[in-house]
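Written below as structure tokens is the structure these notes are about.
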Amino acid sequence: MRESFGALPDEREVFAYTLTDGRISCDILTYGATVRAIRVPDRDGLLRDVTLGFDRLEDYLLQDAYLGATVGRCANRIGGASFPLDGKTWHLAKNDGENHLHGGLVGFDKQLWSVEEATDSRLVLSLVSPDGQEGYPGTLRVRVVYSVEDAALSIEYRAEADKATLCNLTNHAYFNLNGQGGGDVLGHTIRIFADRITEVKKGLIPTGELTDVTGTPLDLRQQTAIGAQIDADFAQMVLAGGFDHNYVLSGEGLREAAVAEGERSGIRMRVLTTQPGLQFYSGNFLQNLPKGKDGAVYIKRSGFCLEAQRFPDAPHHKNFPSAVLRPGEVYHEVTVFSFS
Ligand code: GAL
């Protein structure tokens with residue numbers, strides 16, 4: 001199903017597509033290739049919308065929290081907003097102090113995507129990012145496929161470049177498994193299948209160390225309440241104001257990365273991904289947002305993100321999996337959010 005979602009200031013029309021498998025349904029916007037809603041039955045069979053979003057396009061244009069958006073060309077932070085590639089230094093837009101965050105000032109989250117294909121349960125969106133956009137070398141052609149099947153939303157990313165460049169795509173949905181607008185997520189439980197995080201310094205830029213989580217509040221290998229130690233006096237957590245860390249996922253291929261559960265709804269979400277990293281962000285910076293869907297007020301920590309990705313600042317750390325994409329290569333990653 002397709003509906004108009006209003007027009008951008010330059011009059012281009014934005015559409016909302018609703019995908020369903022008969023159990024869950026998702027709304028996807030062509031603006032930012034954004035996941036606007038995911039409706040899932042709770043333990044009593046009542047549908048709850050488990051992701052934060054807005055009812056009006058104007059409100060998406062006003063905010064800078066990446067609600068539900070596709071983030072690129074390079075998700076997460078790049079220290080000093082520059083990177084070396086093949087003997088040259090490339091300078092990127094600075095939009096997070098001295099650093100580059102989530103693709104820059106006008107990242108993929110703020111662009112209008114084209115519709116390639118649409119069915120009741122599948123939507124293919126594409127974007128061409130021109131050579132030099134936000135400082136990145138090369139033209140990047142991106143396709144994102146959303147499909148809904150067996151109570152899961154699967155997101156598949158493909159990209160190709162005509163010059164060596166960086167590519168690191170993710171989705172920035174904020175989840176509240178008790179239902180969006182249902183207060184904070186501190187009572188949710190979470191489990192992340194990772195023994196290490198990429199340690200950060202000021203500005204949340206990685207030091208390059210992969211630190212063992214054992215014995216720290218960042219150890220989420222057992223199902224743990226998000227709020228249990230979120231304000232612990234532990235340097236990495238104090239720096240980030242809560243959870244805002246990239247977990248080094250165990251294993252390879254499409255495998256389970258995390259499980260979260262809303263204590264009031266009984267809705268459980270499993271995240272599977274082919275990516276090496278998972279940024280767990282507990283919505284610490286959520287504030288001053290326009291009113292959300294159905295008048296919801298989005299307060300600090302009223303949603304959490306699980307952003308499957310390459311490690312932050314990868315171009316500056318030889319020990320991190322590469323985020324470089326070269327001509328002739330195909331960037332291909334899959335992330336699945338599965339509900340029960
Ligand atoms: C997250 C990031 C946070 C913050 C947020 C946007 O992905 O980890 O530090 O920048 O995006 O507000």
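Here's how to read the names in the structure tokens: chain A, B, ... by the order shown, residue numbers from 1 in each chain, ligand numbers from 1 in the order shown.
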Using only C-alpha atoms and all ligand atoms, which residues have at least one atom no more than 8 Å from ligand 1? Output them as a PyMOL selection string.
chain A and resi 64-66+75-76+96+101-102+172+204+240+244-245+279-281+283-286+305+307
Once you have the residues from the selection above, write them out as a PDB file, in the first residue's frame, restricted to C-alpha atoms.
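Once everything was written out, this is out30.pdb:
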ATOM      1  CA  ASP A  64      18.526  15.435  13.620  1.00  0.00           C
ATOM      2  CA  ALA A  65      18.248  12.214  15.599  1.00  0.00           C
ATOM      3  CA  TYR A  66      18.075   9.926  12.523  1.00  0.00           C
ATOM      4  CA  ALA A  75      27.585   5.419   9.442  1.00  0.00           C
ATOM      5  CA  ASN A  76      29.000   6.427  12.850  1.00  0.00           C
ATOM      6  CA  ASP A  96      29.760  16.478  15.209  1.00  0.00           C
ATOM      7  CA  LEU A 101      28.949  11.604  11.922  1.00  0.00           C
ATOM      8  CA  HIS A 102      26.501   9.444   9.964  1.00  0.00           C
ATOM      9  CA  HIS A 172      18.878   3.965  12.797  1.00  0.00           C
ATOM     10  CA  LEU A 204      33.174   8.853  21.159  1.00  0.00           C
ATOM     11  CA  ALA A 240      28.943   8.161  26.484  1.00  0.00           C
ATOM     12  CA  ASP A 244      26.649   4.196  23.073  1.00  0.00           C
ATOM     13  CA  HIS A 245      29.194   1.573  22.123  1.00  0.00           C
ATOM     14  CA  GLN A 279      26.287  -0.046  17.940  1.00  0.00           C
ATOM     15  CA  PHE A 280      24.045  -0.225  20.998  1.00  0.00           C
ATOM     16  CA  TYR A 281      22.812   3.307  21.669  1.00  0.00           C
ATOM     17  CA  GLY A 283      18.931   7.100  23.240  1.00  0.00           C
ATOM     18  CA  ASN A 284      20.918   9.254  25.675  1.00  0.00           C
ATOM     19  CA  PHE A 285      20.733  12.331  23.442  1.00  0.00           C
ATOM     20  CA  LEU A 286      16.982  12.099  22.752  1.00  0.00           C
ATOM     21  CA  CYS A 305      19.082   1.634  18.603  1.00  0.00           C
ATOM     22  CA  GLU A 307      22.866  -0.317  14.475  1.00  0.00           C
TER      23      GLU A 307
END
Set out as CSV a contact list for stretch 76-144 of chain A and stretch 321-340 of chain A with a cut-off of 12 Å, giving each residue of stretch 76-144 of chain A that qualifies its closest atom pair and distance in Å to one decimal, counting only C-alpha atoms, ordered by chain and rising residue number.
residue,atom,partner,partner_atom,distance
A:Asn76,CA,A:Ala323,CA,11.5
A:Ile78,CA,A:Ala323,CA,11.3
A:Phe83,CA,A:Val324,CA,10.9
A:Pro84,CA,A:Val324,CA,10.6
A:Leu85,CA,A:Val324,CA,8.4
A:Asp86,CA,A:Val324,CA,10.4
A:Tyr136,CA,A:Val324,CA,11.3
A:Pro137,CA,A:Leu325,CA,10.7
A:Gly138,CA,A:Pro327,CA,9.2
A:Thr139,CA,A:Pro327,CA,10.0
A:Leu140,CA,A:Leu325,CA,9.4
A:Arg141,CA,A:Val330,CA,10.1
A:Val142,CA,A:Tyr331,CA,9.0
A:Arg143,CA,A:His332,CA,9.7
A:Val144,CA,A:Val334,CA,9.6
Check stretch 162-292 of chain A with DSSP on the backbone and list each residue it calls strand (DSSP E), as a VMD selection string.
chain A and resid 165 to 166 170 to 171 189 to 192 194 to 201 205 to 212 224 to 225 244 to 249 255 to 261 268 to 273 277 to 281
Just the alpha helix (DSSP H) stuff from stretch 37-279 of chain A, please, per backbone DSSP, written as a count of residues only.
12
Could you work out how far atom CA of A:Thr18 lies from atom CA of A:Gly179, giving the answer in Å with one decimal?
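One can read the atom CA of A:Gly179 to atom CA of A:Thr18 distance as 18.2 Å.
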Can you pull out every residue within 8 Å of stretch 8-15 of chain A, counting only C-alpha atoms, but drop anything in the same chain fewer than 5 positions away, and send it as a ChimeraX atom specification?
/A:2-3,29-31,57,112
Residues at most 9 Å from A:Val200, counting only C-alpha atoms, excluding those fewer than 2 positions away in the same chain, as a tab-separated table (two decimals) with C-alpha atoms, in the first residue's frame?
chain	number	residue	atom	x	y	z
A	197	ILE	CA	33.64	-3.38	22.43
A	198	THR	CA	35.65	-0.82	20.49
A	202	LYS	CA	36.31	11.88	24.20
A	203	GLY	CA	33.95	12.60	21.30
A	204	LEU	CA	33.17	8.85	21.16
A	205	ILE	CA	36.07	8.24	18.78
A	206	PRO	CA	37.62	4.75	19.09
A	207	THR	CA	41.08	4.43	20.63
A	208	GLY	CA	41.69	1.33	18.51
A	209	GLU	CA	41.57	-1.00	21.53
A	236	GLN	CA	33.33	4.21	29.16
A	239	LEU	CA	31.95	9.29	28.51
A	240	ALA	CA	28.94	8.16	26.48
A	245	HIS	CA	29.19	1.57	22.12
Ranking A:Phe108, A:Gly183, A:Pro41, A:Met237 by minimum distance to A:Lys201 and counting only C-alpha atoms, which one comes first?
A:Met237
Rank nothing, just name the residue among A:Ala159, A:Val248, A:Val259, A:Leu218 nearest to A:Ile190, using only C-alpha atoms.
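Answer, going by the shortest atom-to-atom distance: A:Val259.
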Pick out the closest residue to A:Asp27 from this set: A:Phe304, A:Phe5, A:Tyr298, A:Tyr157. Count only C-alpha atoms.
A:Phe5
Under the rule that only C-alpha atoms are counted, which of A:Thr34, A:Thr189, A:Ser121, A:Ser4 is the nearest residue to A:Gly22?
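Counting only C-alpha atoms, the residue closest to A:Gly22 is A:Ser121.
Note that atom CA of A:Gly292 and atom CA of A:Gly53 are 5.7 Å apart.
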Determine, using only C-alpha atoms, which residues of stretch 27-120 of chain A have any atom at most 10 Å from an atom of stretch 146-149 of chain A, and tabulate each with its shortest atom pair and distance in Å to one decimal place, rows ordered by chain and then rising number, as a Markdown table.
| residue | atom | partner | partner_atom | distance |
| --- | --- | --- | --- | --- |
| A:Ile28 | CA | A:Tyr146 | CA | 8.4 |
| A:Ala33 | CA | A:Tyr146 | CA | 9.5 |
| A:Val35 | CA | A:Tyr146 | CA | 9.4 |
| A:Ala118 | CA | A:Tyr146 | CA | 9.6 |
| A:Thr119 | CA | A:Ser147 | CA | 9.3 |
| A:Asp120 | CA | A:Val148 | CA | 8.9 |
For the residues in that selection, give me N, CA, C and O atoms as a PDB file, in the first residue's frame.
ATOM      1  N   ILE A  28       7.448   2.395   5.531  1.00  0.00           N
ATOM      2  CA  ILE A  28       8.762   2.878   5.079  1.00  0.00           C
ATOM      3  C   ILE A  28       8.544   4.149   4.270  1.00  0.00           C
ATOM      4  O   ILE A  28       7.684   4.174   3.386  1.00  0.00           O
ATOM      5  N   ALA A  33      14.864   6.761   3.246  1.00  0.00           N
ATOM      6  CA  ALA A  33      14.620   5.308   3.298  1.00  0.00           C
ATOM      7  C   ALA A  33      14.357   4.914   4.762  1.00  0.00           C
ATOM      8  O   ALA A  33      15.017   4.060   5.339  1.00  0.00           O
ATOM      9  N   VAL A  35      12.402   3.823   8.229  1.00  0.00           N
ATOM     10  CA  VAL A  35      11.405   2.939   8.840  1.00  0.00           C
ATOM     11  C   VAL A  35      10.595   3.816   9.793  1.00  0.00           C
ATOM     12  O   VAL A  35      11.111   4.276  10.813  1.00  0.00           O
ATOM     13  N   ALA A 118       7.921  -2.382  -5.788  1.00  0.00           N
ATOM     14  CA  ALA A 118       7.117  -2.407  -4.557  1.00  0.00           C
ATOM     15  C   ALA A 118       6.054  -3.482  -4.667  1.00  0.00           C
ATOM     16  O   ALA A 118       5.351  -3.571  -5.677  1.00  0.00           O
ATOM     17  N   THR A 119       5.950  -4.336  -3.659  1.00  0.00           N
ATOM     18  CA  THR A 119       4.848  -5.295  -3.550  1.00  0.00           C
ATOM     19  C   THR A 119       4.268  -5.129  -2.149  1.00  0.00           C
ATOM     20  O   THR A 119       4.696  -4.248  -1.406  1.00  0.00           O
ATOM     21  N   ASP A 120       3.324  -5.981  -1.760  1.00  0.00           N
ATOM     22  CA  ASP A 120       2.715  -5.861  -0.427  1.00  0.00           C
ATOM     23  C   ASP A 120       3.699  -6.144   0.696  1.00  0.00           C
ATOM     24  O   ASP A 120       3.496  -5.729   1.831  1.00  0.00           O
TER      25      ASP A 120
END
Gap from atom CA of A:Lys163 to atom CA of A:Asp131 - Å, one decimal:
8.6 Å
